[in-house]
$ cat final.cif   # mmCIF, C-alpha atoms
data_model
#
loop_
_atom_site.label_atom_id
_atom_site.label_comp_id
_atom_site.auth_asym_id
_atom_site.auth_seq_id
_atom_site.Cartn_x
_atom_site.Cartn_y
_atom_site.Cartn_z
CA MET A 779 6.32 -16.30 15.76
CA LEU A 780 5.12 -14.20 18.68
CA ARG A 781 7.75 -12.03 20.32
CA ILE A 782 7.15 -10.85 23.85
CA ASP A 783 9.22 -9.35 26.67
CA TYR A 784 9.88 -11.60 29.63
CA ALA A 785 8.07 -9.19 31.99
CA ASP A 786 4.91 -9.28 29.86
CA TYR A 787 5.10 -13.05 29.52
CA VAL A 788 5.33 -13.38 33.29
CA ALA A 789 2.53 -10.85 33.77
CA LEU A 790 0.01 -12.62 31.55
CA ARG A 791 0.71 -15.91 33.31
CA ALA A 792 0.39 -14.23 36.71
CA HIS A 793 -2.96 -12.79 35.64
CA GLY A 794 -4.24 -16.33 35.13
CA GLU A 795 -3.10 -17.29 38.60
CA GLU A 796 -4.76 -14.24 40.15
CA THR A 797 -8.16 -14.93 38.61
CA TYR A 798 -8.07 -18.70 39.19
CA PRO A 799 -10.43 -20.60 39.22
CA HIS A 800 -11.84 -18.12 36.72
CA GLU A 801 -10.48 -17.31 33.30
CA CYS A 802 -8.49 -14.14 32.87
CA CYS A 803 -8.31 -12.19 29.63
CA GLY A 804 -6.39 -9.31 28.15
CA VAL A 805 -5.09 -7.64 25.03
CA LEU A 806 -1.64 -7.64 23.44
CA LEU A 807 -0.54 -4.35 21.91
CA GLY A 808 2.37 -4.13 19.54
CA LYS A 809 3.32 -4.35 15.92
CA SER A 810 2.75 -6.90 13.23
CA GLU A 811 5.46 -7.28 10.63
CA ALA A 812 5.04 -9.27 7.44
CA GLY A 813 7.25 -12.34 7.47
CA VAL A 814 8.25 -11.73 11.07
CA GLY A 815 5.06 -12.05 13.09
CA ASN A 816 3.50 -10.20 15.98
CA SER A 817 5.68 -8.38 18.50
CA VAL A 818 4.17 -7.43 21.84
CA ARG A 819 5.12 -4.05 23.29
CA ALA A 820 2.46 -3.74 25.99
CA LEU A 821 -0.08 -5.84 27.80
CA VAL A 822 -3.50 -4.58 28.84
CA ARG A 823 -5.56 -6.51 31.34
CA ALA A 824 -9.27 -6.69 30.60
CA GLY A 825 -12.27 -7.60 32.65
CA ASN A 826 -14.07 -10.87 32.00
CA THR A 827 -17.73 -10.00 31.52
CA ARG A 828 -18.82 -13.66 31.59
CA THR A 829 -19.48 -13.56 35.30
CA ASP A 830 -22.20 -16.17 34.79
CA SER A 831 -19.62 -18.77 33.71
CA ALA A 832 -16.22 -17.24 34.39
CA HIS A 833 -14.61 -20.62 35.13
CA ASN A 834 -14.86 -21.68 31.49
CA ARG A 835 -15.78 -18.61 29.45
CA TYR A 836 -14.41 -15.17 28.84
CA ASN A 837 -15.60 -12.11 27.01
CA ILE A 838 -14.15 -8.64 26.73
CA ALA A 839 -16.76 -5.90 26.52
CA PRO A 840 -16.63 -4.15 23.13
CA VAL A 841 -16.59 -0.77 24.85
CA GLU A 842 -13.45 -1.83 26.74
CA LEU A 843 -11.90 -3.03 23.49
CA ILE A 844 -12.58 0.35 21.93
CA ARG A 845 -10.89 2.06 24.86
CA ILE A 846 -7.88 -0.25 24.52
CA GLN A 847 -7.76 0.29 20.75
CA ARG A 848 -7.78 4.04 21.35
CA GLN A 849 -4.99 3.64 23.90
CA ALA A 850 -2.99 1.62 21.36
CA ARG A 851 -3.50 4.28 18.71
CA GLU A 852 -2.21 6.97 21.08
CA GLN A 853 0.91 4.88 21.69
CA GLY A 854 1.46 4.21 18.00
CA LEU A 855 0.65 0.54 18.53
CA ASP A 856 -1.96 -1.91 17.23
CA ILE A 857 -3.94 -4.72 18.79
CA VAL A 858 -1.87 -7.76 17.76
CA GLY A 859 -3.41 -10.41 19.98
CA PHE A 860 -5.30 -11.51 23.04
CA TYR A 861 -4.63 -13.79 25.96
CA HIS A 862 -6.73 -15.82 28.33
CA SER A 863 -6.35 -18.72 30.74
CA HIS A 864 -7.78 -22.23 30.93
CA PRO A 865 -8.18 -23.12 34.62
CA ASP A 866 -7.38 -26.81 35.09
CA HIS A 867 -7.54 -27.41 31.34
CA PRO A 868 -4.87 -27.67 28.63
CA ALA A 869 -3.34 -24.66 26.91
CA GLN A 870 -5.03 -25.61 23.66
CA TRP A 871 -7.74 -23.75 21.82
CA SER A 872 -11.24 -25.06 22.33
CA THR A 873 -14.09 -25.18 19.86
CA THR A 874 -15.48 -22.15 21.67
CA ASP A 875 -12.17 -20.31 21.31
CA PHE A 876 -12.20 -21.02 17.59
CA ALA A 877 -15.83 -20.13 17.03
CA GLU A 878 -15.36 -16.84 18.86
CA ALA A 879 -12.04 -15.91 17.20
CA HIS A 880 -12.51 -13.20 14.59
CA TRP A 881 -9.32 -11.13 14.67
CA LEU A 882 -7.50 -12.54 11.65
CA GLY A 883 -3.74 -12.12 11.84
CA CYS A 884 -3.80 -11.81 15.61
CA SER A 885 -2.18 -14.11 18.16
CA TYR A 886 -4.34 -15.91 20.69
CA VAL A 887 -2.29 -16.84 23.75
CA ILE A 888 -3.63 -19.45 26.16
CA THR A 889 -2.15 -20.40 29.55
CA SER A 890 -3.17 -23.51 31.42
CA VAL A 891 -3.48 -22.86 35.15
CA GLU A 892 -3.45 -26.00 37.26
CA LYS A 893 -4.59 -25.71 40.85
CA GLY A 894 -3.76 -22.03 40.79
CA LYS A 895 -0.32 -22.31 39.17
CA ALA A 896 0.39 -21.24 35.59
CA LYS A 897 1.80 -24.17 33.64
CA VAL A 898 1.97 -24.18 29.85
CA THR A 899 1.54 -21.10 27.67
CA ASN A 900 0.85 -21.54 23.97
CA SER A 901 0.12 -19.15 21.16
CA PHE A 902 -2.07 -19.68 18.12
CA LEU A 903 -2.11 -17.40 15.11
CA LEU A 904 -5.53 -16.90 13.52
CA MET A 905 -4.92 -17.09 9.80
CA GLY A 906 -7.20 -16.69 6.80
CA THR A 907 -8.75 -13.97 4.74
CA GLU A 908 -12.31 -14.14 6.06
CA GLU A 909 -14.52 -15.90 8.57
CA ASP A 910 -15.21 -18.86 6.30
CA ASN A 911 -11.59 -19.90 5.83
CA LYS A 912 -10.02 -18.98 9.16
CA LYS A 913 -7.68 -21.45 10.88
CA PHE A 914 -5.60 -21.51 14.04
CA HIS A 915 -1.92 -22.24 13.48
CA ASP A 916 0.46 -23.20 16.26
CA GLU A 917 2.84 -20.31 16.80
CA SER A 918 6.18 -20.37 18.61
CA ILE A 919 6.85 -17.79 21.31
CA GLU A 920 10.17 -15.97 21.56
CA ILE A 921 10.73 -14.35 24.92
CA ASN A 922 12.93 -11.27 25.01
CA MET A 923 15.00 -11.25 28.16
CA ALA A 924 16.36 -8.08 29.76
CA ALA A 925 18.78 -6.04 27.68
CA GLY A 926 22.01 -7.94 27.12
CA ALA A 927 20.60 -11.22 28.33
CA GLY A 928 19.54 -12.40 24.87
CA ASN A 929 16.37 -14.20 23.86
CA VAL A 930 15.08 -17.65 24.65
CA SER A 931 12.37 -19.79 23.17
CA GLN A 932 9.41 -20.41 25.40
CA GLU A 933 10.14 -24.17 25.41
CA ASN A 934 13.62 -23.64 26.82
CA LEU A 935 12.28 -21.28 29.47
CA GLN A 936 9.63 -23.73 30.62
CA GLU A 937 12.15 -26.59 30.67
CA SER A 938 14.58 -24.53 32.69
CA LYS A 939 11.83 -23.79 35.18
CA ALA A 940 10.58 -27.39 35.39
CA MET B 662 -17.52 10.69 8.72
CA LYS B 663 -14.50 8.97 10.20
CA ILE B 664 -14.54 5.17 10.49
CA HIS B 665 -12.04 3.35 12.71
CA ILE B 666 -10.91 0.07 11.18
CA PRO B 667 -9.74 -2.78 13.46
CA THR B 668 -6.35 -4.40 12.87
CA PRO B 669 -7.55 -7.48 10.95
CA LEU B 670 -9.53 -5.44 8.42
CA ARG B 671 -6.83 -2.90 7.59
CA THR B 672 -5.52 -5.32 4.98
CA TYR B 673 -8.59 -4.35 2.99
CA THR B 674 -8.28 -0.59 3.48
CA GLY B 675 -4.72 -0.34 2.23
CA GLY B 676 -3.41 -0.41 5.78
CA GLN B 677 -5.42 2.63 6.79
CA GLU B 678 -6.47 2.77 10.43
CA THR B 679 -9.17 5.33 9.75
CA VAL B 680 -11.05 6.11 6.57
CA ASN B 681 -13.44 8.95 5.76
CA VAL B 682 -16.72 7.98 4.18
CA PRO B 683 -19.78 10.15 3.49
CA GLY B 684 -23.30 9.09 4.40
CA SER B 685 -26.40 10.21 6.27
CA THR B 686 -27.11 6.96 8.15
CA VAL B 687 -24.99 4.15 9.57
CA SER B 688 -26.23 1.72 6.91
CA GLY B 689 -25.55 4.32 4.21
CA VAL B 690 -22.01 4.84 5.47
CA LEU B 691 -21.42 1.07 5.55
CA ALA B 692 -22.74 0.74 1.99
CA GLN B 693 -20.31 3.42 0.85
CA LEU B 694 -17.49 1.84 2.85
CA THR B 695 -17.92 -1.55 1.16
CA LYS B 696 -18.23 0.19 -2.20
CA ASP B 697 -14.91 1.96 -1.60
CA TYR B 698 -13.29 -1.17 -0.15
CA PRO B 699 -15.17 -4.17 -1.66
CA ALA B 700 -13.11 -6.82 0.17
CA LEU B 701 -14.67 -5.66 3.43
CA GLN B 702 -18.08 -6.90 2.34
CA ALA B 703 -17.49 -10.59 3.14
CA ASN B 704 -15.86 -9.72 6.44
CA LEU B 705 -18.64 -7.47 7.66
CA PHE B 706 -21.73 -9.05 6.13
CA THR B 707 -23.13 -12.55 5.64
CA PRO B 708 -23.86 -13.74 2.09
CA GLU B 709 -27.48 -12.74 2.85
CA GLY B 710 -26.38 -9.18 3.50
CA LYS B 711 -26.84 -9.14 7.26
CA LEU B 712 -24.19 -7.66 9.51
CA ARG B 713 -22.19 -10.56 10.96
CA SER B 714 -23.13 -11.26 14.56
CA PHE B 715 -19.59 -10.79 15.87
CA VAL B 716 -19.19 -7.33 14.33
CA ASN B 717 -19.89 -4.57 16.84
CA LEU B 718 -20.55 -1.06 15.57
CA TYR B 719 -20.25 1.97 17.80
CA LEU B 720 -21.51 5.34 16.67
CA ASN B 721 -19.35 7.61 18.78
CA GLU B 722 -19.80 6.00 22.23
CA ASP B 723 -23.05 4.14 21.47
CA ASP B 724 -23.55 0.54 20.43
CA ILE B 725 -25.89 0.87 17.45
CA ARG B 726 -27.85 -2.19 18.57
CA TYR B 727 -29.13 -0.09 21.45
CA LEU B 728 -29.94 3.00 19.43
CA PRO B 729 -33.65 3.42 18.56
CA ALA B 730 -33.04 3.38 14.81
CA LYS B 731 -30.15 0.88 14.98
CA GLU B 732 -28.41 0.73 11.56
CA ASP B 733 -30.70 3.45 10.26
CA SER B 734 -29.41 5.87 12.89
CA PRO B 735 -28.60 9.24 11.35
CA THR B 736 -24.97 10.33 11.10
CA GLN B 737 -23.25 13.68 10.84
CA ASP B 738 -19.89 14.71 9.47
CA GLY B 739 -18.22 14.98 12.87
CA ASP B 740 -19.39 11.53 14.03
CA GLU B 741 -17.05 8.58 14.37
CA LEU B 742 -17.98 4.98 13.66
CA THR B 743 -15.89 2.24 15.22
CA ILE B 744 -15.92 -1.31 13.88
CA ILE B 745 -14.82 -3.74 16.57
CA PRO B 746 -15.07 -7.54 16.23
CA SER B 747 -15.98 -9.34 19.43
CA ILE B 748 -13.40 -11.21 21.49
CA ALA B 749 -14.54 -14.15 23.57
CA GLY B 750 -13.95 -17.85 24.15
CA GLY B 751 -13.07 -20.23 26.91
CA TYR B 752 -12.27 -23.90 27.40
CA CYS B 753 -14.98 -26.45 27.21
CA CYS B 754 -14.17 -28.69 24.30
CA CYS B 755 -10.40 -28.72 23.88
CA ARG B 756 -8.91 -30.56 20.93
#
$ encode --input "final.cif" --output "structure tokens"
Amino acid sequence: MLRIDYADYVALRAHGEETYPHECCGVLLGKSEAGVGNSVRALVRAGNTRTDSAHNRYNIAPVELIRIQRQAREQGLDIVGFYHSHPDHPAQWSTTDFAEAHWLGCSYVITSVEKGKAKVTNSFLLMGTEEDNKKFHDESIEINMAAGAGNVSQENLQESKA
Amino acid sequence: MKIHIPTPLRTYTGGQETVNVPGSTVSGVLAQLTKDYPALQANLFTPEGKLRSFVNLYLNEDDIRYLPAKEDSPTQDGDELTIIPSIAGGYCCCR
């Protein structure tokens, strides 16, 4: 399960709307706990270097990743996942997403953005011990509401907004 | 020298975020690293012994692919090596 604050959940979806019709991308900082999953504490927007094909590709420059990893270290956090958008395409991982996924144990969050509006957001946990046996597993998202308001599953939130 | 380990590979370094490994070149440091932590070998290198294409190595602020000597670049005690897997993707062929 991926745990994320409501504000961060809204922010990553808004990022996809802002960059539409191009893909957005960013990094999820937080903590990974065995048996619990990844918990997001901060969101870092990243630039998409695939300016040649930004409508259906994304890439985060390694030097930017290093900067973000350093930032995480300073905050006592780790990189626990990434997010990107699929403009006018489903919130499902593509063969490209899978081929380019190498951060085992991290969550890959994908938001479908239809005609400029964020629709479905899904998360996939990259499992395995090495490149040759990696697999994406569907992962539920638990959204932490403001203090005292409790938590909701992502499905309930999307239904309530439908 | 100090080596920064990315989140997914810390499983193989006993959870350590940074490890100290001696060596006079980048390739020498990597050889010592995989000797100290053997499970890293398959994650960093292909069965043929080549660095996997998605593994980026930065010696201090420099991508070693753009250094004249690449993996044979000399290292010093105060240097830092960062291992950072690439992150990319995009729709195209959804399930």
$ interface_residues --input "final.cif" --of "chain B" --to "chain A" --cutoff "9 Å" --atoms "all atoms listed in the file" --output "PyMOL selection string"
chain B and resi 667-670+678+703-704+715-717+719+722-724+743-756
$ resolve_selection --input "final.cif" --expression "the PyMOL selection byres ((chain B and resi 683-700) around 12)" --output "ChimeraX atom specification"
/A:907-908 /B:662-666,670-677,679-682,701-706,710-712,718-721,724-726,728,730-744
$ write_last_selection --input "final.cif" --atoms "C-alpha atoms" --output "mmCIF file, keeping the file's coordinate frame"
data_model
loop_
_atom_site.group_PDB
_atom_site.id
_atom_site.type_symbol
_atom_site.label_atom_id
_atom_site.label_comp_id
_atom_site.auth_asym_id
_atom_site.auth_seq_id
_atom_site.Cartn_x
_atom_site.Cartn_y
_atom_site.Cartn_z
ATOM 1 C CA THR A 907 -8.750 -13.970 4.740
ATOM 2 C CA GLU A 908 -12.310 -14.140 6.060
ATOM 3 C CA MET B 662 -17.520 10.690 8.720
ATOM 4 C CA LYS B 663 -14.500 8.970 10.200
ATOM 5 C CA ILE B 664 -14.540 5.170 10.490
ATOM 6 C CA HIS B 665 -12.040 3.350 12.710
ATOM 7 C CA ILE B 666 -10.910 0.070 11.180
ATOM 8 C CA LEU B 670 -9.530 -5.440 8.420
ATOM 9 C CA ARG B 671 -6.830 -2.900 7.590
ATOM 10 C CA THR B 672 -5.520 -5.320 4.980
ATOM 11 C CA TYR B 673 -8.590 -4.350 2.990
ATOM 12 C CA THR B 674 -8.280 -0.590 3.480
ATOM 13 C CA GLY B 675 -4.720 -0.340 2.230
ATOM 14 C CA GLY B 676 -3.410 -0.410 5.780
ATOM 15 C CA GLN B 677 -5.420 2.630 6.790
ATOM 16 C CA THR B 679 -9.170 5.330 9.750
ATOM 17 C CA VAL B 680 -11.050 6.110 6.570
ATOM 18 C CA ASN B 681 -13.440 8.950 5.760
ATOM 19 C CA VAL B 682 -16.720 7.980 4.180
ATOM 20 C CA LEU B 701 -14.670 -5.660 3.430
ATOM 21 C CA GLN B 702 -18.080 -6.900 2.340
ATOM 22 C CA ALA B 703 -17.490 -10.590 3.140
ATOM 23 C CA ASN B 704 -15.860 -9.720 6.440
ATOM 24 C CA LEU B 705 -18.640 -7.470 7.660
ATOM 25 C CA PHE B 706 -21.730 -9.050 6.130
ATOM 26 C CA GLY B 710 -26.380 -9.180 3.500
ATOM 27 C CA LYS B 711 -26.840 -9.140 7.260
ATOM 28 C CA LEU B 712 -24.190 -7.660 9.510
ATOM 29 C CA LEU B 718 -20.550 -1.060 15.570
ATOM 30 C CA TYR B 719 -20.250 1.970 17.800
ATOM 31 C CA LEU B 720 -21.510 5.340 16.670
ATOM 32 C CA ASN B 721 -19.350 7.610 18.780
ATOM 33 C CA ASP B 724 -23.550 0.540 20.430
ATOM 34 C CA ILE B 725 -25.890 0.870 17.450
ATOM 35 C CA ARG B 726 -27.850 -2.190 18.570
ATOM 36 C CA LEU B 728 -29.940 3.000 19.430
ATOM 37 C CA ALA B 730 -33.040 3.380 14.810
ATOM 38 C CA LYS B 731 -30.150 0.880 14.980
ATOM 39 C CA GLU B 732 -28.410 0.730 11.560
ATOM 40 C CA ASP B 733 -30.700 3.450 10.260
ATOM 41 C CA SER B 734 -29.410 5.870 12.890
ATOM 42 C CA PRO B 735 -28.600 9.240 11.350
ATOM 43 C CA THR B 736 -24.970 10.330 11.100
ATOM 44 C CA GLN B 737 -23.250 13.680 10.840
ATOM 45 C CA ASP B 738 -19.890 14.710 9.470
ATOM 46 C CA GLY B 739 -18.220 14.980 12.870
ATOM 47 C CA ASP B 740 -19.390 11.530 14.030
ATOM 48 C CA GLU B 741 -17.050 8.580 14.370
ATOM 49 C CA LEU B 742 -17.980 4.980 13.660
ATOM 50 C CA THR B 743 -15.890 2.240 15.220
ATOM 51 C CA ILE B 744 -15.920 -1.310 13.880
#
$ atom_distance --input "final.cif" --atom1 "atom CA of A:Ser817" --atom2 "atom CA of A:Arg781"
4.6 Å
$ atom_distance --input "final.cif" --atom1 "atom CA of A:Asn816" --atom2 "atom CA of A:Val891"
24.0 Å
$ closest_residue --input "final.cif" --among "A:Tyr798, A:His915, A:Tyr861, A:Leu855" --to "A:Ala824" --atoms "all atoms listed in the file"
A:Tyr861
$ atom_distance --input "final.cif" --atom1 "atom CA of A:Asp783" --atom2 "atom CA of A:Met923"
6.3 Å
$ resolve_selection --input "final.cif" --expression "the PyMOL selection byres ((chain A and resi 896) around 9)" --output "PyMOL selection string"
chain A and resi 791-792+794-795+863+865+889-895+897-899
$ closest_residue --input "final.cif" --among "A:Leu903, A:Val818, A:Met779, A:Gln853" --to "A:Ser918" --atoms "only C-alpha atoms"
A:Met779
$ decode --input "final.cif" --residues "stretch 830-864 of chain A" --atoms "N, CA and C atoms" --output "mmCIF file, in the first residue's frame"
data_model
loop_
_atom_site.group_PDB
_atom_site.id
_atom_site.type_symbol
_atom_site.label_atom_id
_atom_site.label_comp_id
_atom_site.auth_asym_id
_atom_site.auth_seq_id
_atom_site.Cartn_x
_atom_site.Cartn_y
_atom_site.Cartn_z
ATOM 1 N N ASP A 830 11.817 15.926 -26.944
ATOM 2 C CA ASP A 830 11.593 15.474 -28.320
ATOM 3 C C ASP A 830 10.295 14.692 -28.458
ATOM 4 N N SER A 831 9.784 14.153 -27.340
ATOM 5 C CA SER A 831 8.579 13.326 -27.392
ATOM 6 C C SER A 831 7.847 13.389 -26.055
ATOM 7 N N ALA A 832 7.685 14.617 -25.562
ATOM 8 C CA ALA A 832 7.162 14.800 -24.200
ATOM 9 C C ALA A 832 5.706 14.388 -24.058
ATOM 10 N N HIS A 833 4.996 14.196 -25.181
ATOM 11 C CA HIS A 833 3.583 13.799 -25.078
ATOM 12 C C HIS A 833 3.437 12.325 -24.700
ATOM 13 N N ASN A 834 4.484 11.528 -24.925
ATOM 14 C CA ASN A 834 4.364 10.109 -24.571
ATOM 15 C C ASN A 834 5.632 9.505 -23.960
ATOM 16 N N ARG A 835 6.530 10.357 -23.531
ATOM 17 C CA ARG A 835 7.755 9.862 -22.891
ATOM 18 C C ARG A 835 8.155 10.813 -21.763
ATOM 19 N N TYR A 836 8.810 10.247 -20.769
ATOM 20 C CA TYR A 836 9.403 11.122 -19.756
ATOM 21 C C TYR A 836 10.748 10.553 -19.348
ATOM 22 N N ASN A 837 11.577 11.426 -18.873
ATOM 23 C CA ASN A 837 12.887 11.041 -18.357
ATOM 24 C C ASN A 837 13.324 12.108 -17.363
ATOM 25 N N ILE A 838 13.837 11.658 -16.239
ATOM 26 C CA ILE A 838 14.376 12.596 -15.258
ATOM 27 C C ILE A 838 15.898 12.537 -15.368
ATOM 28 N N ALA A 839 16.517 13.677 -15.542
ATOM 29 C CA ALA A 839 17.974 13.709 -15.687
ATOM 30 C C ALA A 839 18.642 13.139 -14.433
ATOM 31 N N PRO A 840 19.613 12.259 -14.601
ATOM 32 C CA PRO A 840 20.301 11.669 -13.442
ATOM 33 C C PRO A 840 20.845 12.725 -12.482
ATOM 34 N N VAL A 841 21.338 13.831 -13.039
ATOM 35 C CA VAL A 841 21.912 14.862 -12.170
ATOM 36 C C VAL A 841 20.820 15.491 -11.296
ATOM 37 N N GLU A 842 19.590 15.553 -11.830
ATOM 38 C CA GLU A 842 18.480 16.066 -11.020
ATOM 39 C C GLU A 842 18.092 15.033 -9.953
ATOM 40 N N LEU A 843 18.138 13.775 -10.325
ATOM 41 C CA LEU A 843 17.856 12.709 -9.356
ATOM 42 C C LEU A 843 18.849 12.738 -8.203
ATOM 43 N N ILE A 844 20.100 12.975 -8.534
ATOM 44 C CA ILE A 844 21.131 13.046 -7.487
ATOM 45 C C ILE A 844 20.839 14.207 -6.542
ATOM 46 N N ARG A 845 20.451 15.325 -7.121
ATOM 47 C CA ARG A 845 20.113 16.494 -6.291
ATOM 48 C C ARG A 845 18.932 16.166 -5.369
ATOM 49 N N ILE A 846 17.934 15.494 -5.928
ATOM 50 C CA ILE A 846 16.750 15.144 -5.137
ATOM 51 C C ILE A 846 17.112 14.117 -4.063
ATOM 52 N N GLN A 847 17.983 13.176 -4.424
ATOM 53 C CA GLN A 847 18.402 12.171 -3.434
ATOM 54 C C GLN A 847 19.158 12.826 -2.281
ATOM 55 N N ARG A 848 19.968 13.827 -2.635
ATOM 56 C CA ARG A 848 20.712 14.571 -1.616
ATOM 57 C C ARG A 848 19.740 15.331 -0.711
ATOM 58 N N GLN A 849 18.743 15.930 -1.343
ATOM 59 C CA GLN A 849 17.708 16.672 -0.598
ATOM 60 C C GLN A 849 16.981 15.721 0.358
ATOM 61 N N ALA A 850 16.674 14.529 -0.125
ATOM 62 C CA ALA A 850 15.993 13.533 0.715
ATOM 63 C C ALA A 850 16.855 13.174 1.914
ATOM 64 N N ARG A 851 18.137 12.958 1.633
ATOM 65 C CA ARG A 851 19.067 12.571 2.704
ATOM 66 C C ARG A 851 19.099 13.636 3.790
ATOM 67 N N GLU A 852 19.122 14.909 3.366
ATOM 68 C CA GLU A 852 19.171 16.021 4.324
ATOM 69 C C GLU A 852 17.906 16.084 5.185
ATOM 70 N N GLN A 853 16.800 15.586 4.609
ATOM 71 C CA GLN A 853 15.529 15.603 5.341
ATOM 72 C C GLN A 853 15.282 14.300 6.098
ATOM 73 N N GLY A 854 16.248 13.391 6.021
ATOM 74 C CA GLY A 854 16.072 12.099 6.689
ATOM 75 C C GLY A 854 15.079 11.212 5.972
ATOM 76 N N LEU A 855 14.905 11.450 4.673
ATOM 77 C CA LEU A 855 13.944 10.673 3.885
ATOM 78 C C LEU A 855 14.670 9.886 2.795
ATOM 79 N N ASP A 856 13.930 9.014 2.142
ATOM 80 C CA ASP A 856 14.462 8.231 1.026
ATOM 81 C C ASP A 856 13.581 8.451 -0.202
ATOM 82 N N ILE A 857 14.137 8.128 -1.363
ATOM 83 C CA ILE A 857 13.290 8.085 -2.564
ATOM 84 C C ILE A 857 12.475 6.802 -2.472
ATOM 85 N N VAL A 858 11.153 6.936 -2.406
ATOM 86 C CA VAL A 858 10.294 5.744 -2.286
ATOM 87 C C VAL A 858 9.419 5.542 -3.522
ATOM 88 N N GLY A 859 9.507 6.461 -4.475
ATOM 89 C CA GLY A 859 8.703 6.268 -5.677
ATOM 90 C C GLY A 859 8.814 7.424 -6.646
ATOM 91 N N PHE A 860 8.067 7.284 -7.717
ATOM 92 C CA PHE A 860 8.068 8.281 -8.789
ATOM 93 C C PHE A 860 6.632 8.433 -9.286
ATOM 94 N N TYR A 861 6.365 9.551 -9.929
ATOM 95 C CA TYR A 861 5.047 9.683 -10.539
ATOM 96 C C TYR A 861 5.200 10.290 -11.925
ATOM 97 N N HIS A 862 4.243 9.976 -12.776
ATOM 98 C CA HIS A 862 4.179 10.623 -14.082
ATOM 99 C C HIS A 862 2.753 10.538 -14.584
ATOM 100 N N SER A 863 2.476 11.237 -15.678
ATOM 101 C CA SER A 863 1.114 11.263 -16.215
ATOM 102 C C SER A 863 1.072 10.601 -17.583
ATOM 103 N N HIS A 864 -0.119 10.138 -17.948
ATOM 104 C CA HIS A 864 -0.382 9.600 -19.287
ATOM 105 C C HIS A 864 -1.466 10.474 -19.924
#
